[in-house]
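Report on the following structure.
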Amino acid sequence: MPDIAVFLQSVKLPVMSEVAHALIRTLNDDNASNQEVGAIIARDAALTARLLRLANSASFGLSRRVATLDDAIALVGMGRVRTLGLAASMGDAFPVVDGLSRTEFWHSCMVSAGYGQWLSSQIGLDTSHAWLASMMVRLGELMIAQAQPASLAEIEKLPHPPGGRWERETRLTGFSEGQITAELARRWNFPAEIVHALDAASDPMASKPFDRLAAVVHLAMLLADMPPGGPEMLDALPAEVVQALQLRTEWMRARFPAPESFIDLD
C-alpha cells in the first residue's frame with residue numbers, strides 16, 4: 001500500500017493559525033469552558049467579526065441580534081461557535097487550486113457539514129464533531145490537486161456520480177480524500193475519533209469495529225454530491241450504511257433539510 005507520508009512530502013501543507021491550533025486543543029479538553037473558547041477566538045479580530053456575522057445570519061434564526069462573542073456562545077452554543085471558527089480558519093489556510101471553483105468547493109463542504117449535523121442528531125452522536133468531520137472530509141482533494149495536478153481533471157470529470165470521486169482518487173493516487181484529510185487531522189492533533197472517522201469515511205462498512213461517525217460522514221458527503229432536491233435523494237443512499245446506523249427512514253423523510261438552510265462561510 002502507498003505511504004501517505006511520502007505522498008504528502010510533495011505538497012505544501014496548509015499552515016493553521018495559532019488560534020486554530022488553540023481551538024483544536026480545546027476539542028481534546030472535556031473541561032474547556034465557554035470563556036476559554038471565547039478568549040481564544042477573540043485574539044483574531046477578523047475571525048471574531050466573521051463569526052458574529054454568521055451568528056446573525058438567517059440560518060441560525062435567532063430572535064435577537066448577536067453583538068458579542070459571549071452572546072454568540074450563549075445563544076448558538078460553544079461547540080457550534082468553535083467548529084465554525086475552525087472551519088473559517090481552514091478556509092483561509094487551504095490554497096486555491098486550478099481546476100476547482102473555490103466557491104463551489106467550500107459550498108459543498110458546508111452542505112456536507114449540514115447533512116452530517118442533521119444525521120448525527122438522530123442517533124445521539126456529538127453533532128459538533130459530525131459537522132466538523134463532514135466539513136473536513138473533502139479537504140484532501142486539495143492536497144491531491146497539489147501533488148498530482150493532472151489527476152484532478154480525471155477525478156472531477158463528468159458525469160460525476162455521488163461517491164465516484166472517492167473511487168477515482170483511490171485508483172489514481174492510492175488514497176481517498178478522507179484518508180489524506182485524516183493524516184492532516186492527525187498531524188494537527190484533532191481528536192482520535194475525528195481522525196478515524198475521516199480515514200474510514202469512504203468505506204465505513206469495512207471499518208472494524210463499525211465507526212458510526214465515519215458512516216455519518218460518508219452519507220453526508222454523498223448527499224452533498226447530489227443535485228439539490230428533496231427526500232427522494234435518500235433513495236440513492238447505500239441501504240447497508242443507513243441500516244447500520246439505525247436511522248429511521250420515516251424520520252429522515254419527514255425532517256429532510258433543504259441545503260440552503262445550512263450555514264455557508266461566504
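For the C-alpha cells, the naming scheme is as follows: chains receive sequential letters (A, B, ...) according to their order of presentation, residues are indexed from 1 within each chain, and ligands are indexed from 1 in presentation order.
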*Shell around Ala224 of chain A at 8 Å using only C-alpha atoms, local window under 6 positions removed, as a ChimeraX atom specification*: /A:108-109,111-112,115
*Please identify all polymer residues within 7 Å of segment 173-188 of chain A, counting only C-alpha atoms, omitting same-chain residues fewer than 5 positions from it, and present them as an MDAnalysis selection string.*
chainID A and resid 2 137:141 166 195:196 198:199 201:202
Please write the residues from the selection above to a file, keeping N, CA and C atoms, as an mmCIF file, in the first residue's frame.
data_model
loop_
_atom_site.group_PDB
_atom_site.id
_atom_site.type_symbol
_atom_site.label_atom_id
_atom_site.label_comp_id
_atom_site.auth_asym_id
_atom_site.auth_seq_id
_atom_site.Cartn_x
_atom_site.Cartn_y
_atom_site.Cartn_z
ATOM 1 N N PRO A 2 0.515 2.279 -0.777
ATOM 2 C CA PRO A 2 1.314 3.510 -0.792
ATOM 3 C C PRO A 2 1.412 4.127 0.602
ATOM 4 N N VAL A 137 -13.950 16.450 5.305
ATOM 5 C CA VAL A 137 -13.601 15.219 4.597
ATOM 6 C C VAL A 137 -13.067 15.470 3.188
ATOM 7 N N ARG A 138 -13.570 16.472 2.514
ATOM 8 C CA ARG A 138 -13.155 16.685 1.121
ATOM 9 C C ARG A 138 -11.846 17.467 1.000
ATOM 10 N N LEU A 139 -11.314 17.982 2.083
ATOM 11 C CA LEU A 139 -10.126 18.828 2.012
ATOM 12 C C LEU A 139 -8.928 18.100 1.406
ATOM 13 N N GLY A 140 -8.898 16.781 1.552
ATOM 14 C CA GLY A 140 -7.800 16.017 0.970
ATOM 15 C C GLY A 140 -7.697 16.166 -0.536
ATOM 16 N N GLU A 141 -8.825 16.469 -1.186
ATOM 17 C CA GLU A 141 -8.778 16.656 -2.641
ATOM 18 C C GLU A 141 -7.881 17.837 -3.016
ATOM 19 N N TRP A 166 -14.360 9.348 -4.738
ATOM 20 C CA TRP A 166 -13.528 8.526 -3.853
ATOM 21 C C TRP A 166 -12.868 7.394 -4.629
ATOM 22 N N VAL A 195 -10.218 11.807 13.527
ATOM 23 C CA VAL A 195 -9.197 11.273 12.623
ATOM 24 C C VAL A 195 -9.649 9.931 12.057
ATOM 25 N N HIS A 196 -10.120 9.036 12.908
ATOM 26 C CA HIS A 196 -10.529 7.708 12.443
ATOM 27 C C HIS A 196 -11.736 7.798 11.528
ATOM 28 N N LEU A 198 -12.608 10.246 9.540
ATOM 29 C CA LEU A 198 -12.169 10.732 8.234
ATOM 30 C C LEU A 198 -11.472 9.623 7.453
ATOM 31 N N ASP A 199 -10.642 8.857 8.131
ATOM 32 C CA ASP A 199 -9.885 7.788 7.480
ATOM 33 C C ASP A 199 -10.803 6.712 6.908
ATOM 34 N N ALA A 201 -14.124 7.123 6.159
ATOM 35 C CA ALA A 201 -15.362 7.678 5.606
ATOM 36 C C ALA A 201 -15.705 7.158 4.218
ATOM 37 N N SER A 202 -14.712 6.878 3.381
ATOM 38 C CA SER A 202 -15.030 6.455 2.017
ATOM 39 C C SER A 202 -15.606 5.046 1.968
#
*asked:* Calculated over only C-alpha atoms, which of the candidates A:Ala5, A:Phe256, A:Ala93, A:Arg212 has the smallest distance to Ser120 of chain A?
replied: A:Arg212
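In terms of minimum interatomic distance to Met221 of chain A, A:Gly116 ranks closest within A:Gly77, A:Gly85, A:Gly116, A:Gly124, counting only C-alpha atoms.
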*Distance criterion (only C-alpha atoms): nearest to Asn56 of chain A out of A:Val76, A:Asp70, A:Pro95, A:Glu36*: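 Looking at the shortest contact to Asn56 of chain A, the residue is A:Val76.
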*Using atom CA of Ala113 of chain A and atom CA of Leu132 of chain A as the two end points, give the distance in Å to one decimal.*
6.4 Å
*Of the listed residues A:Pro259, A:Ile123, A:Ala42, A:Val19, that which approaches Gly229 of chain A most closely, counting only C-alpha atoms*: A:Pro259
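When only C-alpha atoms are used to measure the gap to Glu167 of chain A, the shortest distance among A:Asp203, A:Ala67, A:Leu142, A:Ala244 belongs to A:Asp203.
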*asked:* Residues near Leu223 of chain A, anyone? I mean within 9 Å using only C-alpha atoms, not counting same-chain ones fewer than 4 positions away, as an NGL selection string.
replied: :A and (111-112 or 115 or 162 or 218-219 or 227-228 or 233-234 or 236-237)
For those residues, write N, CA and C atoms to a file as a PDB file, in the first residue's frame.
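Result file result25.pdb:
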ATOM      1  N   VAL A 111     -22.318  22.147   2.872  1.00  0.00           N
ATOM      2  CA  VAL A 111     -23.532  21.335   2.732  1.00  0.00           C
ATOM      3  C   VAL A 111     -23.307  19.964   3.366  1.00  0.00           C
ATOM      4  N   SER A 112     -22.149  19.375   3.123  1.00  0.00           N
ATOM      5  CA  SER A 112     -21.811  18.104   3.767  1.00  0.00           C
ATOM      6  C   SER A 112     -21.859  18.245   5.284  1.00  0.00           C
ATOM      7  N   TYR A 115     -25.502  18.302   6.487  1.00  0.00           N
ATOM      8  CA  TYR A 115     -26.114  16.970   6.488  1.00  0.00           C
ATOM      9  C   TYR A 115     -25.533  16.103   7.608  1.00  0.00           C
ATOM     10  N   PRO A 162     -22.406  10.517  -7.251  1.00  0.00           N
ATOM     11  CA  PRO A 162     -22.057  10.645  -5.829  1.00  0.00           C
ATOM     12  C   PRO A 162     -21.183   9.475  -5.378  1.00  0.00           C
ATOM     13  N   HIS A 218     -19.797   9.648   5.591  1.00  0.00           N
ATOM     14  CA  HIS A 218     -19.998   9.022   4.283  1.00  0.00           C
ATOM     15  C   HIS A 218     -21.332   9.450   3.675  1.00  0.00           C
ATOM     16  N   LEU A 219     -22.401   9.314   4.445  1.00  0.00           N
ATOM     17  CA  LEU A 219     -23.726   9.684   3.939  1.00  0.00           C
ATOM     18  C   LEU A 219     -23.823  11.180   3.675  1.00  0.00           C
ATOM     19  N   PRO A 227     -27.319  16.479  -6.841  1.00  0.00           N
ATOM     20  CA  PRO A 227     -28.029  17.720  -7.165  1.00  0.00           C
ATOM     21  C   PRO A 227     -29.045  18.019  -6.072  1.00  0.00           C
ATOM     22  N   PRO A 228     -29.212  19.288  -5.702  1.00  0.00           N
ATOM     23  CA  PRO A 228     -30.164  19.622  -4.630  1.00  0.00           C
ATOM     24  C   PRO A 228     -31.562  19.107  -4.954  1.00  0.00           C
ATOM     25  N   MET A 233     -33.827  12.169  -2.508  1.00  0.00           N
ATOM     26  CA  MET A 233     -32.374  11.968  -2.512  1.00  0.00           C
ATOM     27  C   MET A 233     -31.975  10.802  -1.615  1.00  0.00           C
ATOM     28  N   LEU A 234     -32.766  10.554  -0.594  1.00  0.00           N
ATOM     29  CA  LEU A 234     -32.447   9.489   0.358  1.00  0.00           C
ATOM     30  C   LEU A 234     -32.456   8.117  -0.295  1.00  0.00           C
ATOM     31  N   ALA A 236     -31.083   7.175  -2.897  1.00  0.00           N
ATOM     32  CA  ALA A 236     -29.794   6.852  -3.508  1.00  0.00           C
ATOM     33  C   ALA A 236     -28.720   6.501  -2.481  1.00  0.00           C
ATOM     34  N   LEU A 237     -29.034   6.623  -1.198  1.00  0.00           N
ATOM     35  CA  LEU A 237     -28.044   6.305  -0.167  1.00  0.00           C
ATOM     36  C   LEU A 237     -27.899   4.795  -0.015  1.00  0.00           C
TER      37      LEU A 237
END
